[in-house]
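J.: The structure follows.
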Amino acid sequence: MLKLITDFDRKKNDIGRKLSYRLGILKPEKTCLLCSREPFREGLCRYHYEALETLRKTYLEWNRREGLTWSEYLDSIAKLKTTGKWILDLVKNRDKLDNILSSQ
Ligand SMILES: [Zn+2]
């Protein structure tokens, strides 16, 4: 219990800042390229970054099996009904993310 309280105490500024962003009281100095969340890596928030990682990992498999190019792969992903929202955001905004997505 004490550990929980100490942990919370250590994180409360961070929690407060994040909560303020969510509530629109504070605006992050920089935002994700695709949404208004705080950037995590490569200019993307945690969710979009995780989607990017998934996209990259899956590409290796598709490229091995189907021999698709990166661009063909993104086109196919966009057409799949099962593609998740975060990944679709990346694929649909390909033009905004040129330097991230084309670096494959
Ligand atoms: Zn985002």
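Chain identifiers are assigned as A, B, and so on, following the order in which chains appear in the structure tokens; residues are numbered from 1 within each chain, and ligands are numbered from 1 in order of appearance.
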Taking only C-alpha atoms and all ligand atoms into account, report as a PyMOL selection string which residues have an atom no farther than 12 Å from an atom of ligand 1.

T.: chain A and resi 30-52+85-90+93+97

J.: I want to know what sits within 7 Å of Ala78 (chain A), based on only C-alpha atoms, with residues of the same chain fewer than 2 positions away left out; could you give that as an MDAnalysis selection string?

T.: chainID A and resid 74:76 80 88 91

J.: From the DSSP assignment of the backbone, select every residue of region 19-56 of chain A that is helix (DSSP H, G or I), and format the answer as a list in words.

T.: Leu19, Ser20, Tyr21, Arg22, Leu23, Arg46, Tyr47, His48, Tyr49, Glu50, Ala51, Leu52, Glu53, Thr54, Leu55 and Arg56 of chain A

J.: Store the residues of this selection in a file with N, CA and C atoms, as a compact mmCIF listing (two decimals), in the first residue's frame.

T.:
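selection_20.txt written:
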```txt
# COMPACT_ATOMS: atom_id res chain seq x y z
N LEU A 19 -3.83 14.51 -17.55
CA LEU A 19 -5.26 14.76 -17.33
C LEU A 19 -5.65 16.14 -17.88
N SER A 20 -4.78 17.11 -17.66
CA SER A 20 -5.04 18.46 -18.18
C SER A 20 -5.08 18.48 -19.70
N TYR A 21 -4.21 17.68 -20.32
CA TYR A 21 -4.23 17.59 -21.79
C TYR A 21 -5.56 17.01 -22.25
N ARG A 22 -5.95 15.91 -21.57
CA ARG A 22 -7.20 15.23 -21.94
C ARG A 22 -8.40 16.14 -21.81
N LEU A 23 -8.39 16.94 -20.73
CA LEU A 23 -9.54 17.82 -20.47
C LEU A 23 -9.47 19.10 -21.28
N ARG A 46 1.73 7.42 -28.35
CA ARG A 46 1.96 6.02 -28.02
C ARG A 46 1.11 5.06 -28.86
N TYR A 47 -0.18 5.41 -29.05
CA TYR A 47 -1.08 4.52 -29.78
C TYR A 47 -0.73 4.44 -31.26
N HIS A 48 -0.46 5.59 -31.86
CA HIS A 48 -0.11 5.58 -33.28
C HIS A 48 1.28 4.97 -33.49
N TYR A 49 2.16 5.17 -32.51
CA TYR A 49 3.48 4.57 -32.62
C TYR A 49 3.40 3.05 -32.53
N GLU A 50 2.57 2.57 -31.59
CA GLU A 50 2.40 1.12 -31.47
C GLU A 50 1.80 0.53 -32.76
N ALA A 51 0.88 1.28 -33.35
CA ALA A 51 0.28 0.85 -34.62
C ALA A 51 1.37 0.80 -35.71
N LEU A 52 2.25 1.78 -35.68
CA LEU A 52 3.34 1.81 -36.67
C LEU A 52 4.26 0.60 -36.51
N GLU A 53 4.57 0.28 -35.26
CA GLU A 53 5.40 -0.90 -34.98
C GLU A 53 4.73 -2.17 -35.50
N THR A 54 3.42 -2.29 -35.26
CA THR A 54 2.66 -3.44 -35.73
C THR A 54 2.71 -3.50 -37.25
N LEU A 55 2.50 -2.35 -37.86
CA LEU A 55 2.52 -2.25 -39.32
C LEU A 55 3.87 -2.72 -39.87
N ARG A 56 4.94 -2.28 -39.22
CA ARG A 56 6.28 -2.66 -39.67
C ARG A 56 6.53 -4.16 -39.51
```

J.: Would you pick out the contacts of region 11-17 of chain A at 9 Å or less, using only C-alpha atoms, so that residues sharing its chain but fewer than 5 positions from it are not included, and give the list as a ChimeraX atom specification?

T.: /A:6,22,26,28

J.: Figure out the distance between CA of Asp98 (chain A) and CA of Gly67 (chain A), please, to one decimal in Å.

T.: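 Distance between the two atoms: 21.6 Å.
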
J.: Determine, counting only C-alpha atoms, which protein, DNA and RNA residues have an atom within 12 Å of an atom of Tyr73 (chain A); residues of the same chain fewer than 5 positions away are not included. Present the result as a list in words.

T.: Leu55, Arg56, Lys57, Thr58, Tyr59, Leu60, Glu61, Trp62, Asn63, Arg64, Arg65, Glu66, Gly67, Leu68, Ala78, Lys79, Leu80, Val91, Leu101, Ser102 and Gln104 of chain A
